[in-house]
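K.L.:
Sharing structure-v7.csv below, CSV, C-alpha atoms and all ligand atoms:
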```csv
chain,number,residue,atom,x,y,z
I,1,MET,CA,-17.4,-21.1,-13.1
I,2,THR,CA,-14.1,-22.1,-14.6
I,3,LYS,CA,-12.5,-25.5,-13.5
I,4,ASN,CA,-11.0,-25.3,-10.0
I,5,GLN,CA,-12.7,-22.0,-9.3
I,6,THR,CA,-13.9,-21.2,-5.8
I,7,LYS,CA,-16.1,-18.2,-5.1
I,8,GLN,CA,-17.7,-16.7,-2.0
I,9,SER,CA,-19.5,-13.4,-1.8
I,10,VAL,CA,-19.8,-10.6,0.8
I,11,CYS,CA,-22.3,-7.7,0.3
I,12,VAL,CA,-21.6,-4.1,1.2
I,13,ASP,CA,-25.1,-3.1,2.0
I,14,LEU,CA,-25.6,0.6,1.0
I,15,GLY,CA,-29.1,0.5,-0.4
I,16,ALA,CA,-29.2,1.4,-4.1
I,17,ARG,CA,-25.4,1.6,-4.1
I,18,SER,CA,-24.8,-1.9,-2.6
I,19,TYR,CA,-22.2,-4.0,-4.2
I,20,PRO,CA,-20.8,-7.5,-4.0
I,21,ILE,CA,-17.2,-8.5,-3.0
I,22,GLN,CA,-16.4,-11.7,-4.8
I,23,ILE,CA,-13.6,-13.7,-3.0
I,24,GLY,CA,-12.0,-16.8,-4.4
I,25,THR,CA,-9.7,-18.5,-6.9
I,26,GLN,CA,-9.5,-18.2,-10.7
I,27,LEU,CA,-11.7,-15.1,-10.5
I,28,LEU,CA,-9.7,-13.1,-13.0
I,29,GLU,CA,-10.4,-15.8,-15.7
I,30,SER,CA,-14.2,-15.2,-15.1
I,31,ALA,CA,-14.1,-11.4,-14.5
I,32,GLY,CA,-15.9,-10.7,-17.7
I,33,GLU,CA,-18.8,-12.9,-16.7
I,34,ALA,CA,-19.0,-11.1,-13.4
I,35,LEU,CA,-18.8,-7.6,-14.9
I,36,ALA,CA,-20.9,-8.1,-18.0
I,37,PRO,CA,-24.3,-7.7,-16.3
I,38,ILE,CA,-23.3,-4.3,-14.8
I,39,LEU,CA,-21.7,-2.7,-17.9
I,40,THR,CA,-23.6,-0.3,-20.0
I,41,ARG,CA,-21.5,-1.3,-23.0
I,42,PRO,CA,-18.9,-4.0,-23.5
I,43,ASN,CA,-15.9,-1.6,-23.2
I,44,VAL,CA,-13.7,-0.9,-20.2
I,45,VAL,CA,-10.4,0.8,-19.4
I,46,ILE,CA,-8.1,-1.1,-17.1
I,47,VAL,CA,-5.8,1.0,-14.9
I,48,THR,CA,-2.9,-0.9,-13.5
I,49,ASP,CA,0.8,-0.6,-12.6
I,50,GLU,CA,3.9,-2.0,-14.3
I,51,ASN,CA,4.3,-4.9,-11.8
I,52,VAL,CA,0.7,-6.0,-12.0
I,53,ALA,CA,0.6,-5.6,-15.8
I,54,LYS,CA,3.6,-8.0,-16.0
I,55,ALA,CA,2.3,-10.6,-13.5
I,56,GLN,CA,-1.5,-10.6,-13.9
I,57,LEU,CA,-2.8,-8.7,-16.9
I,58,THR,CA,-2.9,-11.7,-19.2
I,59,ARG,CA,-5.2,-13.5,-16.8
I,60,LEU,CA,-7.7,-10.5,-16.6
I,61,ALA,CA,-7.4,-10.0,-20.4
I,62,THR,CA,-8.4,-13.6,-20.9
I,63,GLY,CA,-11.3,-13.2,-18.6
I,64,LEU,CA,-12.6,-10.1,-20.4
I,65,GLU,CA,-12.1,-11.6,-23.9
I,66,ARG,CA,-14.1,-14.7,-22.9
I,67,SER,CA,-17.1,-12.4,-22.4
I,68,ASN,CA,-16.3,-10.3,-25.5
I,69,ILE,CA,-15.5,-7.2,-23.4
I,70,GLU,CA,-13.1,-4.8,-25.2
I,71,PHE,CA,-10.5,-3.0,-23.2
I,72,GLU,CA,-7.8,-0.3,-23.2
I,73,THR,CA,-5.1,-0.3,-20.6
I,74,VAL,CA,-3.3,2.5,-18.8
I,75,VAL,CA,-0.2,1.4,-17.0
I,76,LEU,CA,1.2,3.6,-14.3
I,77,PRO,CA,4.5,3.4,-12.3
I,78,ALA,CA,4.3,1.1,-9.2
I,79,GLY,CA,4.6,2.6,-5.7
I,80,GLU,CA,3.0,5.1,-3.3
I,81,ALA,CA,4.6,8.1,-5.0
I,82,THR,CA,2.2,7.5,-7.9
I,83,LYS,CA,-0.7,8.7,-5.8
I,84,ASN,CA,0.0,12.4,-6.7
I,85,PHE,CA,-1.5,15.3,-8.7
I,86,ALA,CA,0.7,14.7,-11.7
I,87,GLN,CA,-0.4,11.1,-12.1
I,88,LEU,CA,-4.0,12.1,-11.5
I,89,GLU,CA,-3.8,14.5,-14.3
I,90,PHE,CA,-2.1,12.0,-16.6
I,91,LEU,CA,-4.7,9.3,-15.8
I,92,THR,CA,-7.8,11.5,-16.1
I,93,ARG,CA,-6.6,12.8,-19.5
I,94,ARG,CA,-5.8,9.2,-20.7
I,95,LEU,CA,-9.3,8.2,-19.7
I,96,ILE,CA,-10.7,11.1,-21.7
I,97,ASP,CA,-8.5,10.1,-24.7
I,98,HIS,CA,-9.9,6.6,-24.4
I,99,GLY,CA,-13.4,8.0,-24.7
I,100,VAL,CA,-14.7,7.0,-21.3
I,101,GLU,CA,-18.2,8.2,-20.8
I,102,ARG,CA,-20.0,8.8,-17.6
I,103,GLY,CA,-21.9,5.5,-17.7
I,104,ASP,CA,-18.7,3.5,-18.4
I,105,THR,CA,-16.9,1.4,-15.9
I,106,ILE,CA,-13.2,1.9,-15.2
I,107,ILE,CA,-11.3,-1.1,-13.7
I,108,ALA,CA,-8.8,-0.4,-10.9
I,109,PHE,CA,-6.5,-3.5,-11.2
I,110,GLY,CA,-3.8,-3.5,-8.6
I,111,GLY,CA,-3.0,-2.6,-5.1
I,112,GLY,CA,-4.1,0.2,-2.8
I,113,VAL,CA,-2.3,2.9,-4.8
I,114,ILE,CA,-4.0,2.0,-8.1
I,115,GLY,CA,-7.4,1.6,-6.3
I,116,ASP,CA,-7.2,4.9,-4.5
I,117,LEU,CA,-6.0,6.9,-7.5
I,118,THR,CA,-8.3,5.2,-10.0
I,119,GLY,CA,-11.3,5.5,-7.7
I,120,PHE,CA,-10.6,9.3,-7.3
I,121,ALA,CA,-10.2,9.7,-11.0
I,122,ALA,CA,-13.5,7.9,-11.5
I,123,ALA,CA,-15.1,10.2,-8.8
I,124,ILE,CA,-14.1,13.4,-10.6
I,125,LEU,CA,-14.1,12.4,-14.3
I,126,ARG,CA,-17.2,13.9,-16.0
I,127,ARG,CA,-18.4,14.5,-12.4
I,128,GLY,CA,-18.4,10.8,-11.6
I,129,CYS,CA,-18.0,7.6,-13.6
I,130,ARG,CA,-18.5,4.0,-12.3
I,131,PHE,CA,-15.5,1.9,-11.3
I,132,ALA,CA,-14.8,-1.6,-10.2
I,133,GLN,CA,-12.0,-2.8,-8.0
I,134,ILE,CA,-10.0,-5.8,-8.8
I,135,PRO,CA,-7.4,-5.8,-6.0
I,136,THR,CA,-4.3,-7.8,-6.4
I,137,THR,CA,-2.5,-7.2,-3.1
I,138,LEU,CA,-3.6,-8.5,0.3
I,139,LEU,CA,-3.8,-4.9,1.6
I,140,ALA,CA,-6.2,-3.9,-1.2
I,141,GLN,CA,-8.3,-7.1,-0.9
I,142,VAL,CA,-8.9,-6.7,2.9
I,143,ASP,CA,-9.1,-3.0,3.2
I,144,SER,CA,-8.6,-0.3,0.5
I,145,SER,CA,-10.7,-1.8,-2.3
I,146,VAL,CA,-13.8,-1.9,0.0
I,147,GLY,CA,-15.7,1.1,1.3
I,148,GLY,CA,-15.2,3.8,-1.3
I,149,LYS,CA,-12.4,5.9,0.1
I,150,THR,CA,-10.4,7.3,-2.8
I,151,ALA,CA,-7.5,9.8,-2.6
I,152,ILE,CA,-4.1,11.0,-3.5
I,153,ASN,CA,-1.3,12.2,-1.3
I,154,VAL,CA,0.3,15.6,-1.0
I,155,PRO,CA,3.6,16.5,0.8
I,156,GLU,CA,1.4,17.9,3.7
I,157,GLY,CA,-0.1,14.5,4.4
I,158,LYS,CA,-1.5,11.2,3.2
I,159,ASN,CA,-4.8,10.9,1.4
I,160,LEU,CA,-5.6,14.6,2.0
I,161,ILE,CA,-7.2,15.1,-1.5
I,162,GLY,CA,-10.0,12.6,-2.2
I,163,ALA,CA,-13.6,11.6,-2.3
I,164,PHE,CA,-16.0,8.9,-1.0
I,165,HIS,CA,-16.9,7.1,-4.2
I,166,GLN,CA,-18.1,3.5,-4.0
I,167,PRO,CA,-17.1,0.9,-6.6
I,168,VAL,CA,-19.8,-1.1,-8.4
I,169,MET,CA,-18.1,-4.4,-7.6
I,170,VAL,CA,-15.0,-5.8,-6.0
I,171,ILE,CA,-13.3,-9.0,-7.3
I,172,ALA,CA,-10.6,-10.4,-4.9
I,173,ASP,CA,-8.8,-13.2,-6.6
I,174,ILE,CA,-6.7,-15.0,-4.0
I,175,ASP,CA,-4.5,-16.5,-6.8
I,176,ALA,CA,-3.2,-13.0,-7.5
I,177,LEU,CA,-1.5,-13.0,-4.2
I,178,ASP,CA,0.9,-15.8,-5.4
I,179,SER,CA,3.0,-13.3,-7.3
I,180,LEU,CA,3.1,-10.8,-4.5
I,181,PRO,CA,6.5,-10.1,-3.1
I,182,ALA,CA,6.8,-11.5,0.5
I,183,ARG,CA,7.3,-8.0,1.9
I,184,GLU,CA,4.1,-6.7,0.3
I,185,MET,CA,2.2,-9.7,1.6
I,186,ARG,CA,3.4,-9.0,5.2
I,187,ALA,CA,2.5,-5.3,4.8
I,188,GLY,CA,-1.0,-6.2,3.8
I,189,TYR,CA,-1.2,-8.7,6.7
I,190,ALA,CA,-1.0,-5.7,9.1
I,191,GLU,CA,-4.5,-4.6,7.9
I,192,VAL,CA,-5.8,-8.2,8.6
I,193,VAL,CA,-4.4,-8.0,12.2
I,194,LYS,CA,-6.1,-4.7,12.5
I,195,TYR,CA,-9.6,-6.3,12.4
I,196,GLY,CA,-8.7,-8.7,15.2
I,197,ALA,CA,-7.2,-5.8,17.2
I,198,ILE,CA,-10.3,-3.6,16.7
I,199,ASN,CA,-13.1,-5.8,17.8
I,200,ASP,CA,-12.5,-9.5,17.3
I,201,GLU,CA,-10.2,-11.2,19.8
I,202,PRO,CA,-11.1,-14.7,18.5
I,203,PHE,CA,-10.0,-13.7,15.0
I,204,PHE,CA,-6.8,-12.4,16.5
I,205,ALA,CA,-6.2,-15.7,18.2
I,206,TRP,CA,-7.0,-17.5,14.9
I,207,LEU,CA,-4.3,-15.3,13.2
I,208,GLU,CA,-1.8,-16.2,16.0
I,209,GLU,CA,-2.3,-19.9,15.0
I,210,ASN,CA,-2.6,-19.5,11.3
I,211,ALA,CA,-0.4,-16.5,10.2
I,212,GLY,CA,2.5,-18.8,9.2
I,213,ALA,CA,0.3,-20.8,6.8
I,214,LEU,CA,-1.4,-17.7,5.5
I,215,LEU,CA,1.9,-15.8,4.8
I,216,GLN,CA,3.4,-18.9,3.2
I,217,GLY,CA,0.7,-19.4,0.7
I,218,ASN,CA,-2.1,-21.6,2.1
I,219,ALA,CA,-5.1,-20.7,-0.1
I,220,ASP,CA,-7.7,-21.7,2.4
I,221,ALA,CA,-6.2,-19.6,5.2
I,222,ARG,CA,-5.9,-16.7,2.8
I,223,ALA,CA,-9.5,-17.0,1.6
I,224,TYR,CA,-10.7,-17.2,5.2
I,225,ALA,CA,-8.8,-14.2,6.4
I,226,VAL,CA,-9.8,-12.1,3.3
I,227,LYS,CA,-13.5,-13.0,3.8
I,228,LYS,CA,-13.4,-12.3,7.6
I,229,SER,CA,-11.7,-9.0,6.9
I,230,CYS,CA,-14.2,-8.0,4.2
I,231,GLU,CA,-17.2,-9.0,6.4
I,232,ALA,CA,-15.9,-6.9,9.2
I,233,LYS,CA,-15.2,-3.9,6.9
I,234,ALA,CA,-18.5,-4.3,5.1
I,235,ALA,CA,-20.5,-4.2,8.4
I,236,ILE,CA,-18.7,-1.0,9.5
I,237,VAL,CA,-19.0,0.7,6.2
I,238,ALA,CA,-22.7,-0.2,5.9
I,239,ALA,CA,-23.3,1.4,9.4
I,240,ASP,CA,-21.2,4.5,8.8
I,241,GLU,CA,-20.2,5.1,5.2
I,242,ARG,CA,-18.8,8.6,5.6
I,243,GLU,CA,-17.0,8.1,8.9
I,244,ALA,CA,-19.2,10.1,11.1
I,245,GLY,CA,-18.6,7.6,13.9
I,246,GLU,CA,-17.5,4.0,14.2
I,247,ARG,CA,-15.8,3.8,10.8
I,248,ALA,CA,-13.0,5.7,12.4
I,249,LEU,CA,-12.1,2.5,14.3
I,250,LEU,CA,-10.7,1.3,10.9
I,251,ASN,CA,-8.0,3.9,11.4
I,252,LEU,CA,-6.4,2.1,14.3
I,253,GLY,CA,-2.7,2.6,13.8
I,254,HIS,CA,-3.2,5.0,10.9
I,255,THR,CA,-2.7,8.4,12.6
I,256,PHE,CA,0.7,7.4,13.9
I,257,GLY,CA,1.4,5.4,10.7
I,258,HIS,CA,0.5,8.1,8.3
I,259,ALA,CA,2.9,10.5,10.1
I,260,PHE,CA,5.8,8.1,9.7
I,261,GLU,CA,4.9,7.5,6.0
I,262,ALA,CA,5.0,11.2,5.4
I,263,ALA,CA,8.3,11.5,7.3
I,264,TYR,CA,9.7,8.8,5.0
I,265,GLY,CA,8.5,10.8,1.9
I,266,TYR,CA,6.1,7.9,0.9
I,267,SER,CA,9.1,6.0,-0.2
I,268,SER,CA,9.5,2.3,-0.4
I,269,ASP,CA,11.6,2.4,2.8
I,270,LEU,CA,8.3,2.2,4.7
I,271,LEU,CA,5.3,0.6,3.0
I,272,HIS,CA,1.8,1.7,4.1
I,273,GLY,CA,1.1,-1.6,5.8
I,274,GLU,CA,4.4,-1.5,7.7
I,275,ALA,CA,3.5,2.0,8.9
I,276,VAL,CA,0.1,0.7,10.0
I,277,ALA,CA,1.8,-2.1,12.0
I,278,LEU,CA,4.1,0.3,13.7
I,279,GLY,CA,1.1,2.7,14.3
I,280,MET,CA,-1.0,-0.1,15.9
I,281,ALA,CA,1.9,-1.0,18.2
I,282,LEU,CA,2.3,2.7,19.2
I,283,ALA,CA,-1.4,3.0,19.8
I,284,PHE,CA,-1.4,0.0,22.1
I,285,ASP,CA,1.8,1.1,23.9
I,286,TYR,CA,0.3,4.6,24.3
I,287,SER,CA,-3.0,3.0,25.6
I,288,ALA,CA,-1.0,0.9,28.1
I,289,ARG,CA,0.9,4.0,29.2
I,290,LYS,CA,-2.4,5.8,29.8
I,291,GLY,CA,-3.6,2.9,31.9
I,292,MET,CA,-6.4,2.0,29.4
I,293,CYS,CA,-5.0,-1.3,28.2
I,294,PRO,CA,-3.0,-4.1,30.0
I,295,ALA,CA,0.6,-3.9,29.1
I,296,ALA,CA,0.3,-7.7,28.3
I,297,ASP,CA,-2.1,-6.9,25.5
I,298,ALA,CA,0.3,-4.4,23.9
I,299,GLU,CA,3.1,-7.0,24.2
I,300,ARG,CA,0.8,-9.7,22.7
I,301,LEU,CA,0.1,-7.5,19.7
I,302,LYS,CA,3.8,-6.6,19.2
I,303,THR,CA,4.9,-10.2,19.5
I,304,HIS,CA,2.5,-11.2,16.8
I,305,LEU,CA,3.5,-8.3,14.5
I,306,ARG,CA,7.2,-9.2,15.0
I,307,ALA,CA,6.4,-12.9,14.3
I,308,ALA,CA,5.1,-11.6,10.9
I,309,SER,CA,8.4,-9.6,10.4
I,310,LEU,CA,6.5,-6.3,10.8
I,311,PRO,CA,7.8,-3.3,12.7
I,312,ALA,CA,6.4,-3.1,16.2
I,313,ASP,CA,8.6,-0.3,17.5
I,314,ILE,CA,10.5,2.6,16.1
I,315,ALA,CA,13.7,0.6,16.6
I,316,ASP,CA,12.4,-1.9,14.1
I,317,LEU,CA,12.3,0.6,11.3
I,318,PRO,CA,14.7,0.0,8.4
I,319,ALA,CA,16.5,3.4,8.6
I,320,ASP,CA,16.4,6.4,10.9
I,321,PRO,CA,14.4,9.0,9.0
I,322,LYS,CA,16.0,11.7,11.2
I,323,ILE,CA,12.6,12.9,12.4
I,324,ASP,CA,11.8,14.3,15.7
I,325,ALA,CA,8.7,14.0,17.9
I,326,ALA,CA,7.5,17.5,17.2
I,327,GLU,CA,7.6,16.9,13.4
I,328,LEU,CA,5.6,13.7,13.9
I,329,ALA,CA,3.1,15.3,16.1
I,330,ALA,CA,2.6,18.1,13.5
I,331,LEU,CA,2.1,15.5,10.8
I,332,MET,CA,-0.5,13.7,13.0
I,333,MET,CA,-2.4,17.0,13.2
I,334,GLN,CA,-3.0,16.8,9.5
I,335,ASP,CA,-5.2,13.7,10.2
I,336,LYS,CA,-8.7,13.9,8.7
I,337,LYS,CA,-10.1,13.1,12.1
I,338,VAL,CA,-8.9,16.5,13.5
I,339,VAL,CA,-12.0,18.5,14.6
I,340,GLY,CA,-11.7,22.1,15.8
I,341,GLY,CA,-7.9,21.6,16.1
I,342,LYS,CA,-8.4,18.6,18.3
I,343,LEU,CA,-6.9,15.2,17.5
I,344,THR,CA,-9.1,12.1,17.5
I,345,LEU,CA,-7.1,8.9,18.1
I,346,ILE,CA,-8.0,5.2,18.0
I,347,LEU,CA,-6.8,3.6,21.3
I,348,ALA,CA,-7.5,0.3,22.9
I,349,ASP,CA,-8.8,-1.2,26.1
I,350,ALA,CA,-7.6,-4.6,25.1
I,351,ILE,CA,-7.0,-6.7,22.0
I,352,GLY,CA,-10.5,-6.8,20.4
I,353,ALA,CA,-11.6,-3.7,22.2
I,354,SER,CA,-10.5,-0.5,20.5
I,355,ARG,CA,-12.2,2.8,20.9
I,356,ILE,CA,-12.4,6.3,19.5
I,357,VAL,CA,-10.8,8.9,21.9
I,358,LYS,CA,-11.7,12.5,21.1
I,359,ASP,CA,-9.5,15.4,22.1
I,360,ALA,CA,-6.3,13.4,22.5
I,361,ASP,CA,-3.5,15.2,24.4
I,362,LEU,CA,-1.1,16.1,21.6
I,363,ALA,CA,1.6,17.4,24.0
I,364,ASP,CA,1.5,14.1,25.9
I,365,ILE,CA,1.7,12.1,22.6
I,366,GLU,CA,4.7,14.2,21.6
I,367,THR,CA,6.4,13.3,24.9
I,368,PHE,CA,5.6,9.7,24.3
I,369,LEU,CA,7.1,9.8,20.8
I,370,LYS,CA,10.1,11.6,22.1
I,371,GLU,CA,10.8,8.8,24.6
I,372,LYS,CA,10.2,6.2,22.0
I,373,ILE,CA,12.6,7.8,19.5
I,374,ALA,CA,15.2,8.2,22.2
I,375,ALA,CA,14.9,4.5,23.2
I,376,ALA,CA,15.1,3.5,19.6
I,377,ARG,CA,18.3,5.5,19.1
I,378,ARG,CA,19.8,3.9,22.3
I,379,SER,CA,19.0,0.4,21.2
F,401,LIG,N1,-9.0,2.2,5.5
F,401,LIG,C1,-9.9,2.7,6.5
F,401,LIG,C2,-11.3,2.9,5.9
F,401,LIG,O1,-11.6,2.5,4.8
F,401,LIG,O2,-12.1,3.5,6.6
```
Please go through the file and, once you have read it, give me the structure as structure tokens.

P.N.:
Amino acid sequence: MTKNQTKQSVCVDLGARSYPIQIGTQLLESAGEALAPILTRPNVVIVTDENVAKAQLTRLATGLERSNIEFETVVLPAGEATKNFAQLEFLTRRLIDHGVERGDTIIAFGGGVIGDLTGFAAAILRRGCRFAQIPTTLLAQVDSSVGGKTAINVPEGKNLIGAFHQPVMVIADIDALDSLPAREMRAGYAEVVKYGAINDEPFFAWLEENAGALLQGNADARAYAVKKSCEAKAAIVAADEREAGERALLNLGHTFGHAFEAAYGYSSDLLHGEAVALGMALAFDYSARKGMCPAADAERLKTHLRAASLPADIADLPADPKIDAAELAALMMQDKKVVGGKLTLILADAIGASRIVKDADLADIETFLKEKIAAARRS
């Protein structure tokens, strides 16, 4: 342990493929110590983006050098648009150039984009290499680095090309969040709210009390929220790794959200977490409209999202993407949960009581979106 280090651990229990999630402070400085026992040789390739390289790479480099681990670095452009075929080709060929062998470990050092792209590259390079996640954004620490979903986007939809490929370790250093732009922090916060909304009303109530401290930099509040989120996700992934059932709950807000992200061309006008916030609000509003959920619960969720400066209605979006309801409904049908042409949606009976609804009525959802878009344009 380095001076002032804190460390807690959560296990993702997947039998022989189980792995730890380390959560704490000053963890980059000791990353070499954590990784050394699981490396087949003391060489790794770090995959990161330009922003993370500037803000955090020196810390990780120090941590690896302390344990005599040699490394090469591949730096990619920051932003969701990097999760594409061209960057996948570039990355996999750089990894081959750097001599990565099947037993080697590739380090995904960054946010969800770097984790998803690097994880997918690791899944297909030499038919499968090992990789470790060192997430540096709140979104990646509480969601995308855990559970083994890896993917790239195509114009037809988000994360449509990918694989389940579990990391060998996750190291979530809370200090890395200090250099995160406030907007990225808020976007990641949407995924924290999601765990409360899915099945943990007391955690949602805790967030209502503590979101301010968490967003403003309180390390204890951040560590608590990251640990609670990772515990919730680890339990669901351990029970349903490949999303045959309850893992789909983690998609609350994502089917609506992914459609808006695609409509915005995966641009920085709408970050993934912002789309998830809007998507959760729409899922709750739609649940209330169907008489499943009290309108007061939908309002409570939206009030909390807005308090965190997240979009809770189409009117809250930064710019009108000039989309219509039919286009959004068509994008929703690209969802990976579509079975036999029928849409599965995560809806809610209350805050803390979400559920999987199979065979959702697409025409009804399109009407709902049409009314929402019309209301947003009037406001
Ligand atoms: N982000 C949703 C999941 O990992 O299942």

K.L.:
List all protein, DNA and RNA residues that have at least one atom no more than 9 Å from any atom of ligand LIG 401 (chain F), counting all atoms listed in the file, and write them as a PyMOL selection string.

P.N.:
chain I and resi 143-149+191+233+236-237+241-243+247-252+254

K.L.:
Between I:Met169, I:Cys11, I:Leu347, I:Ala190, single out the one closest to Leu278 of chain I, counting only C-alpha atoms.

P.N.:
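Checking each candidate against Leu278 of chain I, we get I:Ala190 as the closest.
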
K.L.:
Counting all atoms listed in the file, what are the residues of segment 259-289 of chain I within 12 Å of segment 94-116 of chain I, and for each of them which pair of atoms is the nearest and at what distance in Å, to one decimal? Sort the table by chain and rising number, as CSV.

P.N.:
```
residue,atom,partner,partner_atom,distance
I:Tyr266,CA,I:Val113,CA,11.3
I:Leu271,CA,I:Gly112,CA,11.1
I:His272,CA,I:Gly112,CA,9.2
I:Gly273,CA,I:Gly112,CA,10.2
```

K.L.:
With C-alpha atoms retained, could you export that selection as an mmCIF file, in the coordinates of the input?

P.N.:
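And here's selection_12.cif as it stands now:
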```
data_model
loop_
_atom_site.group_PDB
_atom_site.id
_atom_site.type_symbol
_atom_site.label_atom_id
_atom_site.label_comp_id
_atom_site.auth_asym_id
_atom_site.auth_seq_id
_atom_site.Cartn_x
_atom_site.Cartn_y
_atom_site.Cartn_z
ATOM 1 C CA TYR I 266 6.100 7.900 0.900
ATOM 2 C CA LEU I 271 5.300 0.600 3.000
ATOM 3 C CA HIS I 272 1.800 1.700 4.100
ATOM 4 C CA GLY I 273 1.100 -1.600 5.800
#
```

K.L.:
So which residues touch Gly63 of chain I within 10 Å, counting all atoms listed in the file, skipping near sequence neighbours fewer than 3 positions away, as number ranges by chain?

P.N.:
I: 26-34, 57-60, 66-69

K.L.:
Taking all atoms listed in the file into account, produce a table as a Markdown table in which each residue of segment 126-228 of chain I with an atom at most 10 Å from an atom of segment 258-263 of chain I appears once, together with its shortest atom pair and the distance in Å to one decimal, ordered by chain and rising number.

P.N.:
```
| residue | atom | partner | partner_atom | distance |
| --- | --- | --- | --- | --- |
| I:Asn153 | CA | I:Ala262 | CA | 9.3 |
| I:Val154 | CA | I:Ala262 | CA | 9.1 |
| I:Pro155 | CA | I:Ala262 | CA | 7.2 |
| I:Glu156 | CA | I:Ala262 | CA | 7.8 |
| I:Gly157 | CA | I:Ala262 | CA | 6.2 |
| I:Lys158 | CA | I:His258 | CA | 6.3 |
| I:Asn159 | CA | I:His258 | CA | 9.1 |
```

K.L.:
I'd like the contact shell of Asp361 of chain I - 10 Å cut-off, all atoms listed in the file, skipping same-chain residues fewer than 4 positions apart - returned as a list in words.

P.N.:
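Skipping anything fewer than 4 positions along the chain leaves Lys342, Leu343, Thr344, Leu345, Val357, Ile365 and Glu366 of chain I.
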
K.L.:
So which one's closest to Gly279 of chain I, I:Ala61, I:Ala298, I:Met292, I:Ala353? Using only C-alpha atoms, please.

P.N.:
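Under the stated criterion, the closest residue is I:Ala298.
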
K.L.:
Just the residues within 10 Å of Ala375 of chain I, please, counting only C-alpha atoms, with nothing from its chain fewer than 5 positions along; format it as a short mmCIF file (atom, residue, chain, number, x, y, z; two decimals) with C-alpha atoms, in the coordinates of the input.

P.N.:
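Below is the file that was written, out-v7.cif:
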```cif
data_model
loop_
_atom_site.label_atom_id
_atom_site.label_comp_id
_atom_site.auth_asym_id
_atom_site.auth_seq_id
_atom_site.Cartn_x
_atom_site.Cartn_y
_atom_site.Cartn_z
CA ASP I 313 8.60 -0.30 17.50
CA ILE I 314 10.50 2.60 16.10
CA ALA I 315 13.70 0.60 16.60
CA LEU I 369 7.10 9.80 20.80
CA LYS I 370 10.10 11.60 22.10
#
```

K.L.:
Just to confirm, what's the straight-line distance from atom CA of Ala197 of chain I to atom CA of Ile21 of chain I in Å (one decimal)?

P.N.:
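Computed distance, atom CA of Ala197 of chain I to atom CA of Ile21 of chain I, equals 22.7 Å.
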
K.L.:
Compare I:Ile152, I:Val226, I:Leu214, I:Ala121 by their minimum atom-to-atom distance to Ala308 of chain I, counting only C-alpha atoms, and give me the closest one.

P.N.:
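Comparing I:Ile152, I:Val226, I:Leu214, I:Ala121 against Ala308 of chain I, the winner is I:Leu214.
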
K.L.:
What is the atom CA of Leu35 of chain I-atom CA of Pro135 of chain I distance in Å, reported with one decimal?

P.N.:
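Atom CA of Pro135 of chain I lies 14.6 Å from atom CA of Leu35 of chain I.
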